[in-house]
Each structure stands twice: as structure tokens, then as C-alpha cells.
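Q: Here it is, the structure, as C-alpha cells.
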Amino acid sequence: MEPSLARYIWTHTKKQQLWILMIVVLSMIPYFMSFDLPKLIINGPIQGSGFEQPGATQPFMRLHYNLPFIGEVQFFSGFQLDRKATLFALSLVFLLLVVINGLFKFYINTYKGRLGERMLRRIRFDLVDRVLRFPPFYFKRVKSAEVATMIKDEVEPLGGFIGDAFVQPVLLGGQALTAMLFILVQNFWLGMIAAVIVVIQIVLIPRMRRRLIVLGRERQLTARALSGRVGEIVDGIGAVHVHDTSNYERADIAARLGLIFKIRFDLYQWKFMVKFLNNFLAQVTPFLFYMIGGYLVIQGRLDVGQLVAVISAYKDLPGPMKELIDWDQARQDVQVKYQQVVEQFTAKNLIAPRIEALTIDDPDPMTNPLSAINLSIADDGGAMLLDRISLQVKPGETVALVSTATGGAEALAEAFARLNWPDSGRVASGADDLLELPEAVTGRRMSYASSDVFLFQASLRDNLLYGLKHAPLTSVPYNGAAADQHRWNIHEARQSGNPDFDIHSDWINYASAGATGPQDLFEAVRRVLDAVVLSRDILDLGLRSLADLTRHTELARRIVELRAALRTRLEHEGLSALVVPFEPGAYNKEATIGQNLLFGAAAGPELADRALAANPYFASVLRQAGLDRTLYEMGMEIAEQAIELFADLPPDHQFFQQLAFMSAEEIPTYETLLQRLKNRPYEAVSENDRAMIVTLSFAYIEPRHRFGLLSDELMSKIVAARNRFYENLPPELQNAIERYDPAKYIAAATVMDNVLFGRVGNNHPDAPDRIRSIVYDILDELGLYAELLDVGLDFNVGSGGRRLTGGQRQKLDVARALLKRPDFLILNRPLSALDQRMQHKVLRNVLEEARRDDHSPAIVWVVTNPAMGMMFDRVIVFDSGKLVEDGTPEALLARNGIFKELLS
């Protein structure tokens with residue numbers, strides 16, 4: 001990157017800078033005129049100079065010039081105005097100049113602001129572009145949080161300065177020089193006084209501010225280190241809790257914050273001392289003007305209008321001078337920041353831009369062998385991972401890489417995927433060095449999956465299809481205001497040096513997945529999910545998710561049919577007791593009291609979870625139904641029995657899994673609350689305490705908790721209260737609850753809740769699994785299997801995919817690599833989180849799926865168990881970074897070498 005910020009700015013904004021500089025120079029003309037006008041007003045119409053005789057007039061707006069050799073030339077004689085008219089005319093001109101100067105400032109500030117934001121956008125894009133081009137080893141030495149902080153926060157001040165880089169010194173310097181020139185024209189000595197003070201400010205203040213720059217740099221470095229440390233704590237939070245090091249981390253953070261506090265406090269002290277001195281010098285000058293200028297007026301060597309004009313001009317001098325000094329400090333400060341960023345983003349062996357150039361058309365298949373030629377790779381400590389190995393993988397060949405404990409198979413897989421660069425030798429495709437091939441070739445004709453999986457915080461679908469998003473293939477049609485906005489976005493992207501790719505275009509390469517478009521992509525997706533045994537997991541996620549009814553209309557339309565089919569199947573198999581359906585006029589004993597009261601799904605926070613008991617309207621319904629005291633007493637009884645039974649159990653005891661109304665952590669809180677309320681009458685209990693107690697009763701299920709608290713009379717009252725609740729539901733709660741309706745899809749409920757439209761019985765331990773199995777069969781019979789799988793694919797995997805298990809993440813990574821139908825599929829211990837039985841099953845499925853049609857990729861698989869190598873055409877064995885055996889599984893077994901030893 002360009003080491004000088006000024007040169008970087010000038011290179012990219014030369015034309016814009018010249019334009020705005022021209023505007024600044026033009027703005028000096030009305031700026032100078034605004035200084036001279038007060039003198040004309042005071043000396044002329046106010047003091048009467050030129051209007052000594054009654055009825056005297058003076059020309060207004062007269063244009064005349066004295067030209068060399070010609071003399072005075074009059075272009076316009078002006079308007080003859082009397083004293084009052086001249087006063088009003090000159091005052092209006094003064095107002096006009098104020099407006100003109102204001103418009104100039106408005107245009108200049110807006111223009112340089114837009115210029116700064118464009119350049120900030122350019123810098124950030126350039127930095128991210130460099131991150132995308134860093135060599136792999138760079139990421140082992142840098143913290144992601146620090147890189148993100150530099151791009152987001154540390155370059156932020158650059159955006160504010162870039163627009164001022166050339167304009168501000170010209171604008172402020174021009175204003176200051178204009179004011180100084182005007183003062184000198186009025187009186188030489190007053191001008192010299194102002195000049196001396198200005199020189200002191202220009203020389204002294206910047207020297208004092210150098211200390212501020214040093215402290216600012218220290219603050220920036222310590223803040224960046226803090227950001228990186230906090231990022232480490234977040235990433236390693238599991239290790240912190242496992243090893244009880246949270247207080248060590250607190251001490252570390254406290255020490256870092258203390259250092260930052262000291263730097264910032266020193267910064268504030270020095271900053272305000274400099275500010276005090278600057279303000280003092282600025283105020284000394286008016287004192288001298290009043291004293292010396294007043295003396296000159298008394299002596300008759302200066303008129304009052306000139307003194308007022310000088311003071312008025314000087315009033316506008318400290319502002320530009322202060323801002324000019326601030327600009328100089330900002331210049332040095334942002335140059336330091338820019339240099340630090342440049343240092344951090346300067347790396348050797350950056351990937352060349354041509355390697356990552358956008359390519360729309362798919363490259364030709366890789367028909368040449370993939371070769372390692374005298375390849376050596378060392379880790380950061382210098383230990384050899386691969387030592388001068390040579391081998392070749394032919395198209396369509398399946399190869400198992402087997403390692404001893406000190407082998408190098410993983411390093412070879414990473415080298416094939418370009419994630420580990422050779423120290424010597426090379427990896428080649430035919431005669432081409434793999435590192436010299438465009439990513440449009442390697443990224444589309446090769447795939448890689450490993451045990452170290454990273455997923456983006458997006459849906460399962462987005463992560464699965466990520467490997468197909470190479471280029472914008474189909475444009476989105478924009479109309480009306482959206483089209484105007486799109487054109488503006490494209491214009492600004494180009495002005496900022498950003499690519500004008502449309503993120504809203506369709507980026508999915510359907511042909512790569514063997515599909516013709518969105519309509520048949522799902523079949524390819526389903527095949528790879530079945531191959532990695534992930535479909536059932538995604539179906540489970542779909543059942544536990546809310547369906548987007550704007551997309552899954554078929555599921556919503558046929559929900560009644562699904563419910564009926566489930567009831568019929570359960571009756572046919574004699575399992576009707578597994579599910580107790582919701583009935584509008586009846587109490588569902590397998591549901592909680594709260595669910596029976598609401599008889600609907602909460603669609604907003606007003607009636608969700610613990611907010612229900614505290615809702616004023618709901619509380620009024622309970623009072624009218626005579627349930628408020630009853631449910632309070634029930635909650636007290638539940639609290640007493642729960643505390644008596646479970647207070648002495650450890651928090652991880654399995655009984656707490658059945659205790660839906662109170663967690664182990666809440667028992668001490670309720671124990672204290674119970675002691676406080678035990679002998680207190682109901683009327684004396686506060687609303688908050690009542691709500692906490694009543695909440696316990698809302699979670700009560702008689703067949704599950706068996707406290708004997710639910711009578712037939714109470715159930716009838718609850719059903720009556722339910723009807724009363726919906727009869728007078730206020731408008732503000734209309735959208736907060738979606739009532740259960742046997743003929744409707746409940747958008748606020750999960751897919752499983754919609755299918756069941758009831759609750760699974762608590763007396764059948766294996767009921768949930770049996771119900772799920774039956775539901776899957778029915779979905780397949782009704783042709784809705786794909787619809788539910790689609791719902792599951794909408795599941796957000798969370799940060800880094802942490803909402804999925806380790807095995808699910810690895811399966812998804814293999815599915816993503818397989819979906820692309822590459823020519824070379826590199827798999828580096830991709831299923832290490834799974835047991836051996838499941839690994840063998842997925843391996844067989846992947847090999848079958850890869851051979852399913854005419855496209856047969858070469859598969860290079862670093863196996864976790866040498867026995868898996870028996871399924872491959874060829875086995876390559878590594879020991880201590882060297883290739884020790886290579887051949888068919890049968891041939892290696894016959895040799896009685898390392899491979900056979902590893903199998904035994």
C-alpha cells in the first residue's frame with residue numbers, strides 16, 4: 001500500500017481536490033468584502049461621512065476602475081441614495097454576503113464530506129481486499145479481532161480527515177490571510193500585533209501537541225491489544241470455565257484498562273493545558289486592540305469604523321487559526337494511524353489480484369493429474385511436516401492418506417487445497433503450478449473439507465450453498481425507486497473504487513451442482529445431505545422451527561391434512577394415547593396451566609413466558625374468573641413442595657430435567673421469597689411477588705409433576721377464563737397471541753406443534769421419538785418431506801456454527817464440498833467428531849454419491865482409521881513427514897509394512 005496518506009489521497013482524488021480548491025479560492029472574494037462592509041456602514045450612513053449636507057446622496061453599486069495609461073474608467077454610475085437608503089442598502093448587502101459565504105461553506109463542507117466518505121469506503125475495501133489476498137501463514141500470526149478493529153475503528157478518523165487534507169489548509173489559511181491582509185490595510189501596527197501573536201501560535205502550539213500524538217499512538221495500540229484480548233476470551237470461553245481462570249482473565253483485563261486509563265488521563269491533562277495556552281493567546285490580541293487601537297482613535301490616527309472593522313476581522317481570525325492548528329495535529333495523527341495500518345496490512349507473497357479476478361464462465365475441467373513434486377513443508381517452528389515427497393493423483397482415482405502419529409498426510413491435504421504453501425518444491429496440476437492457477441479454477445474444480453470447520457452466521461442453506469457462489473450470474477430486476485437506488489449504489493461504488501457487483505443478484509452456480517436452476521437444485525441438495533447422513537438432523541431442526549409462511553405455503557395449506565393423517569396413523573397402530581389433542585372447549589391435561597389458559601401461541605413478548613403473569617389484562621381476567629387467589633395458593637404449594645424435595649439435590653441432578661417450573665439456580669430465590677410471604681395475607685403481597693408465585697402454577701402439568709393440585713372444578717374454571725380472555729382481548733394484544741384453531745396453521749408455533757396440535761403424553765418415555773418417526777413417514781407419503789427439509793435449511797447456525805454439534809458441522813462441510821461436484825475432492829480427517837461406525841457409513845455414501853453419474857472426481861481422503869483405507873483404490877502412508885508406502889490396499893497388506901501394522 002502507498003506509505004504516505006497524502007499521496008494516497010491525491011492519487012485517487014486529484015480531480016475532485018482541484019475542483020474544490022478552485023471553489024475555495026472563489027469564496028475568498030465575498031469573504032474579504034464582508035470584512036470591509038462594516039467600515040463602510042459605520043463611517044458612511046451611521047457617522048454621516050459624505051452626507052454632511054441636507055438631502056445629500058452617494059452613489060451605490062458604482063463600478064469604476066483606474067487603469068494604467070487610461071485613467072479612471074466608469075462601467076456603471078450606480079444608484080444615487082440618501083443617508084437612510086444607503087444604510088438599508090449596505091445592510092442588505094451585508095446580509096447577502098452572509099448568505100453567500102454560508103452557501104460557499106455549505107457546498108465546500110458537503111463536498112469534502114462526501115469525498116472523505118468515499119475515500120474511507122475505498123480504504124476499508126482495500127484493506128479487506130488485502131485480507132482476502134494474505135498468504136495462509138499470515139492468519140496464524142494475527143488475531144481476527146485486531147484486524148476487524150483496524151478496519152472498522154482505526155481507519156474511521158481517516159474518513160473525516162481525507163476531505164480536509166488539501167481543502168482545509170487552503171480554506172482556513174485563505175481566511176486567516178484575508179483577515180490579516182484586511183487588518184494590515186486598515187493599520188500597519190495593529191496588523192503587526194496580530195501577526196506576532198499568530199506566529200507564536202503557529203510555532204508553539206504544534207510543538208506542544210507532538211506529545212499528544214505520541215500519547216494518541218500509545219492509546220491506539222493498547223486499545224487494539226485490548227480488543228484482541230477480549231476476542232480471545234470470547235473464542236476461548238470454554239477453556240476459561242473449564243480451568244477456572246475467569247479471575248485471571250479479569251486481572252489481565254483490569255491491568256490493560258489501567259494502562260489505557262493512565263495514557264488517556266495524561267492525554268487529557270496535556271490536551272487541556274495546550275488548549276488553555278491557545279485560548280490565552282487568542283484573547284490577548286483583543287486586549288491589545290482595545291488598548292492600542294483605542295489610543296490611536298483618541299490620537300486621531302485611526303477612525304472608529306476602522307477600529308470596529310479590525311476587531312470584527314480579528315474575531316474571524318482565531319477560529320481559522322485554531323482549526324488550522326487542529327488540522328495540522330489531525331494530519332500528523334492520521335498519518336501515524338495510517339502508517340500503523342499499512343504496517344499491519346503489509347505482508348510478503350500477497351496473492352496476486354489476477355488469481356482472484358472475477359470469472360463468470362466456468363473453467364474447463366481439471367483433466368491433468370494433481371502432483372506433489374519434491375514437496376517440503378515446515379510448520380512455524382521449523383519442524384518438517386513433509387520432507388521432499390513426490391506423488392501423483394490421477395483424475396477419478398480414490399486415494400486414502402494414512403499417517404502415523406508423526407506423519408504428514410494433513411499437511412499434504414492442506415497443500416493440495418492451497419491452505420499450506422510449500423517451503424520448497426511445488427504442487428502442480430499437469431504442468432501448471434497450483435499456486436499460479438486462478439481461484440476460478442481451483443475454487444470451482446476442487447473442493448476441500450476438514451475437521452476444523454468454520455460456518456458463517458447464516459442459515460444452513462446459505463452455508464451449504466456457499467461453495468457455489470462464485471460470481472453474480474443473474475441480475476435482479478429493479479423498478480421505480482429501487483432502480484434509482486440501485487443506480488446510485490453502482491455510481492457510488494465506482495466513485496469509491498469498489499466493485500459494482502450486486503450482492504442481491506443470484507450468485508449460485510446451479511450447473512456446478514448438476515442442476516439447471518432453483519427448481520431442481522433441491523434434488524442435488526437432498527442427495528448430498530442423505531449421503532452425509534444429515535437429512536434427519538435437518539428435519540428435526542425443521543420440526544422445532546417456525547416456518548416462514550410466505551415461502552412454505554404448501555405446508556400451511558395442508559396442515560389440516562397432516563393432522564388428520566397423524567391421528568389416523570396413531571389410531572391404526574393403537575397409539576392414540578401418545579398425543580392428547582387440543583380441543584377448544586376442553587382442558588388438555590398434558591399441557592401446562594398457562595397453555596390451557598392462553599390456548600394459543602405467543603406471537604410477541606407481551607404474553608410470552610414469564611411476562612404472562614405480569615400482564616395487567618391477563619391478571620384482570622384471572623381476577624374476574626376467581627382464579628387469581630387460587631393460582632397464587634397453587635404456586636405457593638408448588639414452591640413449598642419443590643423446595644422440600646429438591647433443595648438438597650446437586651444442580652446437575654436428573655430430577656431438575658423434569659422440573660419445568662423452577663430451575664436449580666432459582667431454588668434459593670424462591671426459598672427466600674417463600675419465607676417472606678409464608679404468613680402474609682394475599683392482599684398484602686406486591687404485584688411482582690404475586691407474579692413470581694403465579695408463574696410457577698402456569699408451568700404445572702398434573703401427569704408430569706403429580707402434586708395433586710388440579711381438580712375437575714379448577715380445569716372448568718380455566719377453560720371459562722380462556723373464553724373470557726378472548727372475548728374482551730384489547731387491540732394492543734390482538735397481535736401478541738395466535739389462538740389455536742384446528743383448521744388453521746399457527747404461524748407463532750413450531751412445525752411440530754402445528755402437526756401435533758396437542759401435547760405428547762408424559763407417561764410414554766419413548767413417545768417423542770416414535771412420534772417423530774411417524775411424522776417423517778407421513779410427510780414422505782404426502783409429498784411434504786422436501787418442504788420440511790426446506791424449513792430446516794432456514795435454521796440459523798449461529799456464530800461459527802455453534803448452534804450445531806461438532807458432528808453436524810463436519811457433515812455440513814463435507815456436504816458443501818460434495819455438492820460442488822469437483823474434479824478433485826480433498827477431505828482432511830473431515831469426520832473426526834463422529835464415531836467409527838458413522839464415519840464408515842458416511843465414507844461409503846460419499847464414495848457412492850461421487851460415482852453416481854458420469855462425473856467421477858478424484859477423492860483424496862486423510863482417514864482417521866487405517867481400516868477405512870480398504871475402501872479406496874490406493875493407499876499412501878506417511879511417517880515422520882516422509883512417504884513410506886504407496887499402492888493398492890491389497891498390495892500394502894501383502895508387504896507386511898507400516899500399513900499392516902497400523903491395521904493390527
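All residue names refer to the C-alpha cells as shown: chains lettered A, B, ... in order, residues numbered from 1 in each chain, ligands numbered from 1 in order.
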Find the spatial neighbours of Ser620 in chain A, counting only C-alpha atoms, within a cut-off of 12 Å - ignore same-chain residues fewer than 6 positions away - and output them as a VMD selection string.

A: chain A and resid 612 to 614 626 to 629 721 724 to 725 728 to 729

Q: Quick one: residues within 12 Å of Asp82 in chain A, only C-alpha atoms counted, chain neighbours fewer than 3 positions away excluded, as an mmCIF file with all heavy atoms, in the first residue's frame?

A:
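Saved as selection.cif:
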data_model
loop_
_atom_site.group_PDB
_atom_site.id
_atom_site.type_symbol
_atom_site.label_atom_id
_atom_site.label_comp_id
_atom_site.auth_asym_id
_atom_site.auth_seq_id
_atom_site.Cartn_x
_atom_site.Cartn_y
_atom_site.Cartn_z
ATOM 1 N N GLY A 44 -19.923 55.664 6.809
ATOM 2 C CA GLY A 44 -20.823 56.320 5.860
ATOM 3 C C GLY A 44 -22.141 56.716 6.493
ATOM 4 O O GLY A 44 -22.249 57.757 7.164
ATOM 5 N N PRO A 45 -23.219 55.952 6.322
ATOM 6 C CA PRO A 45 -24.550 56.379 6.786
ATOM 7 C C PRO A 45 -24.665 56.568 8.292
ATOM 8 O O PRO A 45 -25.396 57.433 8.758
ATOM 9 C CB PRO A 45 -25.464 55.263 6.287
ATOM 10 C CG PRO A 45 -24.584 54.100 6.026
ATOM 11 C CD PRO A 45 -23.263 54.657 5.624
ATOM 12 N N ILE A 46 -23.896 55.788 9.102
ATOM 13 C CA ILE A 46 -24.060 55.918 10.556
ATOM 14 C C ILE A 46 -23.395 57.198 11.075
ATOM 15 O O ILE A 46 -24.019 58.002 11.788
ATOM 16 C CB ILE A 46 -23.503 54.669 11.275
ATOM 17 C CG1 ILE A 46 -24.379 53.439 10.944
ATOM 18 C CG2 ILE A 46 -23.440 54.888 12.791
ATOM 19 C CD1 ILE A 46 -23.907 52.154 11.577
ATOM 20 N N GLY A 48 -22.191 59.608 9.068
ATOM 21 C CA GLY A 48 -22.581 60.701 8.179
ATOM 22 C C GLY A 48 -21.528 61.167 7.219
ATOM 23 O O GLY A 48 -21.688 62.220 6.580
ATOM 24 N N SER A 49 -20.406 60.429 7.086
ATOM 25 C CA SER A 49 -19.367 60.838 6.145
ATOM 26 C C SER A 49 -19.920 60.804 4.720
ATOM 27 O O SER A 49 -20.418 59.782 4.250
ATOM 28 C CB SER A 49 -18.162 59.885 6.256
ATOM 29 O OG SER A 49 -17.180 60.227 5.305
ATOM 30 N N GLY A 50 -19.874 62.014 4.021
ATOM 31 C CA GLY A 50 -20.419 62.125 2.672
ATOM 32 C C GLY A 50 -21.861 62.590 2.655
ATOM 33 O O GLY A 50 -22.429 62.828 1.587
ATOM 34 N N PHE A 51 -22.472 62.677 3.852
ATOM 35 C CA PHE A 51 -23.877 63.116 3.933
ATOM 36 C C PHE A 51 -23.983 64.357 4.834
ATOM 37 O O PHE A 51 -24.948 64.535 5.570
ATOM 38 C CB PHE A 51 -24.763 62.000 4.508
ATOM 39 C CG PHE A 51 -24.812 60.762 3.648
ATOM 40 C CD1 PHE A 51 -23.982 59.676 3.920
ATOM 41 C CD2 PHE A 51 -25.680 60.690 2.563
ATOM 42 C CE1 PHE A 51 -24.021 58.544 3.137
ATOM 43 C CE2 PHE A 51 -25.722 59.559 1.781
ATOM 44 C CZ PHE A 51 -24.893 58.478 2.060
ATOM 45 N N GLU A 52 -22.939 65.236 4.782
ATOM 46 C CA GLU A 52 -22.927 66.392 5.668
ATOM 47 C C GLU A 52 -24.036 67.390 5.323
ATOM 48 O O GLU A 52 -24.607 68.047 6.215
ATOM 49 C CB GLU A 52 -21.559 67.100 5.590
ATOM 50 C CG GLU A 52 -20.405 66.333 6.228
ATOM 51 C CD GLU A 52 -19.840 65.277 5.283
ATOM 52 O OE1 GLU A 52 -20.364 65.169 4.149
ATOM 53 O OE2 GLU A 52 -18.904 64.550 5.681
ATOM 54 N N GLN A 53 -24.361 67.526 4.036
ATOM 55 C CA GLN A 53 -25.388 68.479 3.621
ATOM 56 C C GLN A 53 -26.764 67.810 3.629
ATOM 57 O O GLN A 53 -26.886 66.626 3.290
ATOM 58 C CB GLN A 53 -25.090 68.991 2.198
ATOM 59 C CG GLN A 53 -23.735 69.669 2.059
ATOM 60 C CD GLN A 53 -23.606 70.878 2.972
ATOM 61 O OE1 GLN A 53 -24.584 71.632 3.177
ATOM 62 N NE2 GLN A 53 -22.410 71.080 3.538
ATOM 63 N N PRO A 54 -27.807 68.588 4.000
ATOM 64 C CA PRO A 54 -29.168 68.024 3.957
ATOM 65 C C PRO A 54 -29.519 67.582 2.532
ATOM 66 O O PRO A 54 -29.262 68.294 1.562
ATOM 67 C CB PRO A 54 -30.046 69.181 4.424
ATOM 68 C CG PRO A 54 -29.133 70.053 5.216
ATOM 69 C CD PRO A 54 -27.787 69.956 4.567
ATOM 70 N N GLY A 55 -30.091 66.381 2.433
ATOM 71 C CA GLY A 55 -30.513 65.860 1.133
ATOM 72 C C GLY A 55 -29.385 65.312 0.300
ATOM 73 O O GLY A 55 -29.581 64.991 -0.885
ATOM 74 N N ALA A 56 -28.174 65.190 0.909
ATOM 75 C CA ALA A 56 -27.030 64.682 0.154
ATOM 76 C C ALA A 56 -27.237 63.210 -0.186
ATOM 77 O O ALA A 56 -27.861 62.457 0.568
ATOM 78 C CB ALA A 56 -25.759 64.856 0.973
ATOM 79 N N THR A 57 -26.685 62.835 -1.326
ATOM 80 C CA THR A 57 -26.766 61.433 -1.771
ATOM 81 C C THR A 57 -25.371 60.927 -2.113
ATOM 82 O O THR A 57 -24.449 61.700 -2.355
ATOM 83 C CB THR A 57 -27.673 61.280 -2.998
ATOM 84 O OG1 THR A 57 -27.118 62.045 -4.095
ATOM 85 C CG2 THR A 57 -29.081 61.766 -2.708
ATOM 86 N N GLN A 58 -25.241 59.613 -2.158
ATOM 87 C CA GLN A 58 -23.994 58.956 -2.536
ATOM 88 C C GLN A 58 -24.327 57.836 -3.541
ATOM 89 O O GLN A 58 -25.386 57.194 -3.450
ATOM 90 C CB GLN A 58 -23.296 58.338 -1.316
ATOM 91 C CG GLN A 58 -22.704 59.356 -0.354
ATOM 92 C CD GLN A 58 -21.450 60.006 -0.916
ATOM 93 O OE1 GLN A 58 -20.723 59.422 -1.705
ATOM 94 N NE2 GLN A 58 -21.231 61.283 -0.540
ATOM 95 N N PRO A 59 -23.418 57.595 -4.492
ATOM 96 C CA PRO A 59 -23.687 56.508 -5.450
ATOM 97 C C PRO A 59 -23.559 55.139 -4.778
ATOM 98 O O PRO A 59 -22.655 54.922 -3.967
ATOM 99 C CB PRO A 59 -22.613 56.711 -6.520
ATOM 100 C CG PRO A 59 -21.503 57.429 -5.830
ATOM 101 C CD PRO A 59 -22.150 58.312 -4.792
ATOM 102 N N PHE A 60 -24.458 54.259 -5.112
ATOM 103 C CA PHE A 60 -24.464 52.893 -4.567
ATOM 104 C C PHE A 60 -24.288 51.906 -5.726
ATOM 105 O O PHE A 60 -24.942 52.025 -6.764
ATOM 106 C CB PHE A 60 -25.786 52.624 -3.842
ATOM 107 C CG PHE A 60 -25.902 51.201 -3.335
ATOM 108 C CD1 PHE A 60 -25.144 50.777 -2.251
ATOM 109 C CD2 PHE A 60 -26.767 50.296 -3.940
ATOM 110 C CE1 PHE A 60 -25.251 49.481 -1.777
ATOM 111 C CE2 PHE A 60 -26.872 49.011 -3.461
ATOM 112 C CZ PHE A 60 -26.111 48.593 -2.378
ATOM 113 N N PHE A 79 -26.518 53.811 -8.245
ATOM 114 C CA PHE A 79 -27.786 54.427 -7.852
ATOM 115 C C PHE A 79 -27.500 55.512 -6.814
ATOM 116 O O PHE A 79 -26.734 55.279 -5.876
ATOM 117 C CB PHE A 79 -28.752 53.389 -7.259
ATOM 118 C CG PHE A 79 -29.005 52.208 -8.162
ATOM 119 C CD1 PHE A 79 -28.356 51.002 -7.950
ATOM 120 C CD2 PHE A 79 -29.898 52.319 -9.230
ATOM 121 C CE1 PHE A 79 -28.595 49.922 -8.774
ATOM 122 C CE2 PHE A 79 -30.129 51.233 -10.045
ATOM 123 C CZ PHE A 79 -29.484 50.031 -9.838
ATOM 124 N N ALA A 85 -31.392 55.431 2.963
ATOM 125 C CA ALA A 85 -31.453 54.401 1.925
ATOM 126 C C ALA A 85 -30.107 53.688 1.797
ATOM 127 O O ALA A 85 -30.048 52.460 1.596
ATOM 128 C CB ALA A 85 -31.865 55.011 0.587
ATOM 129 N N THR A 86 -29.019 54.469 1.918
ATOM 130 C CA THR A 86 -27.686 53.849 1.837
ATOM 131 C C THR A 86 -27.466 52.879 2.994
ATOM 132 O O THR A 86 -26.898 51.794 2.828
ATOM 133 C CB THR A 86 -26.605 54.938 1.847
ATOM 134 O OG1 THR A 86 -26.811 55.826 0.743
ATOM 135 C CG2 THR A 86 -25.220 54.317 1.755
ATOM 136 N N LEU A 87 -27.938 53.268 4.228
ATOM 137 C CA LEU A 87 -27.811 52.391 5.388
ATOM 138 C C LEU A 87 -28.527 51.053 5.133
ATOM 139 O O LEU A 87 -27.974 49.969 5.363
ATOM 140 C CB LEU A 87 -28.378 53.081 6.636
ATOM 141 C CG LEU A 87 -28.455 52.206 7.899
ATOM 142 C CD1 LEU A 87 -27.064 51.778 8.344
ATOM 143 C CD2 LEU A 87 -29.187 52.951 9.012
ATOM 144 N N PHE A 88 -29.777 51.149 4.660
ATOM 145 C CA PHE A 88 -30.549 49.926 4.406
ATOM 146 C C PHE A 88 -29.917 49.095 3.282
ATOM 147 O O PHE A 88 -29.834 47.860 3.360
ATOM 148 C CB PHE A 88 -31.984 50.265 4.047
ATOM 149 C CG PHE A 88 -32.776 50.844 5.195
ATOM 150 C CD1 PHE A 88 -33.639 51.909 5.014
ATOM 151 C CD2 PHE A 88 -32.629 50.320 6.473
ATOM 152 C CE1 PHE A 88 -34.360 52.435 6.071
ATOM 153 C CE2 PHE A 88 -33.345 50.850 7.530
ATOM 154 C CZ PHE A 88 -34.213 51.915 7.343
ATOM 155 N N ALA A 89 -29.441 49.771 2.233
ATOM 156 C CA ALA A 89 -28.853 49.059 1.092
ATOM 157 C C ALA A 89 -27.580 48.326 1.508
ATOM 158 O O ALA A 89 -27.381 47.144 1.185
ATOM 159 C CB ALA A 89 -28.567 50.024 -0.041
ATOM 160 N N LEU A 90 -26.690 49.036 2.249
ATOM 161 C CA LEU A 90 -25.447 48.397 2.681
ATOM 162 C C LEU A 90 -25.728 47.260 3.665
ATOM 163 O O LEU A 90 -25.041 46.224 3.645
ATOM 164 C CB LEU A 90 -24.517 49.427 3.323
ATOM 165 C CG LEU A 90 -23.896 50.457 2.366
ATOM 166 C CD1 LEU A 90 -23.082 51.487 3.141
ATOM 167 C CD2 LEU A 90 -23.010 49.755 1.332
#

Q: So, with only C-alpha atoms as the atoms that count, which of A:Ser535, A:Asn101, A:Gln339, A:Ser27 lies closest to Ala6 in chain A?

A: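 Under the stated criterion, the closest residue is A:Gln339.
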
Q: Looking at only C-alpha atoms, which of A:Gly116, A:Gly887, A:Gly173, A:Pro157 is the one that sits closest to Val25 in chain A?

A: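 Under the stated criterion, the closest residue is A:Gly173.
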
Q: Of the candidates A:Met715, A:Ala440, A:Val399, A:Leu578, which one gets nearest to Met868 in chain A if we count only C-alpha atoms?

A: A:Val399

Q: Could you give me, as a count of residues only, the residues within 10 Å of Val147 in chain A, counting only C-alpha atoms and dropping anything in the same chain fewer than 3 positions from it?

A: 16

Q: Which residues of range 486-593 of chain A come within 8 Å of range 685-703 of chain A, and what is each one's closest atom pair and distance in Å (one decimal), counting only C-alpha atoms, sorted by chain and residue number, as CSV?

A:
residue,atom,partner,partner_atom,distance
A:Lys589,CA,A:Ile701,CA,6.8
A:Glu590,CA,A:Ile701,CA,6.3
A:Ala591,CA,A:Ile701,CA,6.2
A:Thr592,CA,A:Ile701,CA,5.0
A:Ile593,CA,A:Phe698,CA,4.8

Q: Selection from above, C-alpha atoms, as a PDB file, in the first residue's frame, can you write it?

A:
ATOM      1  CA  LYS A 589     -54.144 -32.419  30.865  1.00  0.00           C
ATOM      2  CA  GLU A 590     -50.772 -32.904  29.123  1.00  0.00           C
ATOM      3  CA  ALA A 591     -50.356 -29.144  28.593  1.00  0.00           C
ATOM      4  CA  THR A 592     -49.389 -26.594  31.240  1.00  0.00           C
ATOM      5  CA  ILE A 593     -51.976 -24.467  33.006  1.00  0.00           C
TER       6      ILE A 593
END

Q: Based on the backbone DSSP call, show me all residues of range 685-771 of chain A assigned alpha helix (DSSP H), as a ChimeraX atom specification.

A: /A:687-698,702-705,712-727,751-756,767-771

Q: In terms of the shortest atom-to-atom distance over only C-alpha atoms, which of A:Pro681, A:Gly594, A:Gly792, A:Pro822 is closest to Gly443 in chain A?

A: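 Between A:Pro681, A:Gly594, A:Gly792, A:Pro822, the residue approaching Gly443 in chain A most closely is A:Pro822.
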
Q: Counting only C-alpha atoms, which residue out of A:Ile718, A:Leu788, A:Met366, A:Ala564 sits closest to Pro581 in chain A?

A: A:Ala564

Q: If you run DSSP on this backbone, which residues of range 573-617 of chain A come out as strand (DSSP E), and could you give them as a PDB file with N, CA and C atoms, in the first residue's frame?

A:
ATOM      1  N   VAL A 579     -50.658 -38.842  22.019  1.00  0.00           N
ATOM      2  CA  VAL A 579     -50.892 -37.412  21.826  1.00  0.00           C
ATOM      3  C   VAL A 579     -52.286 -37.053  22.314  1.00  0.00           C
ATOM      4  N   VAL A 580     -52.345 -36.033  23.180  1.00  0.00           N
ATOM      5  CA  VAL A 580     -53.639 -35.507  23.634  1.00  0.00           C
ATOM      6  C   VAL A 580     -53.904 -34.237  22.845  1.00  0.00           C
ATOM      7  N   PRO A 581     -54.903 -34.238  21.940  1.00  0.00           N
ATOM      8  CA  PRO A 581     -55.100 -33.066  21.065  1.00  0.00           C
ATOM      9  C   PRO A 581     -55.731 -31.899  21.815  1.00  0.00           C
ATOM     10  N   GLY A 600     -53.217 -20.825  22.873  1.00  0.00           N
ATOM     11  CA  GLY A 600     -52.657 -20.185  21.683  1.00  0.00           C
ATOM     12  C   GLY A 600     -51.156 -20.041  21.839  1.00  0.00           C
ATOM     13  N   ALA A 601     -50.519 -19.564  20.799  1.00  0.00           N
ATOM     14  CA  ALA A 601     -49.072 -19.370  20.797  1.00  0.00           C
ATOM     15  C   ALA A 601     -48.769 -17.884  20.879  1.00  0.00           C
ATOM     16  N   ALA A 602     -47.878 -17.528  21.805  1.00  0.00           N
ATOM     17  CA  ALA A 602     -47.497 -16.118  21.953  1.00  0.00           C
ATOM     18  C   ALA A 602     -46.713 -15.667  20.730  1.00  0.00           C
TER      19      ALA A 602
END

Q: In Å to one decimal, how far is CA of Leu598 in chain A from CA of Ile737 in chain A?

A: 8.2 Å

Q: With distances taken over only C-alpha atoms, which of A:Ala786, A:Val155, A:Leu827, A:Leu132 is nearest to Tyr338 in chain A?

A: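 Closest candidate: A:Val155.
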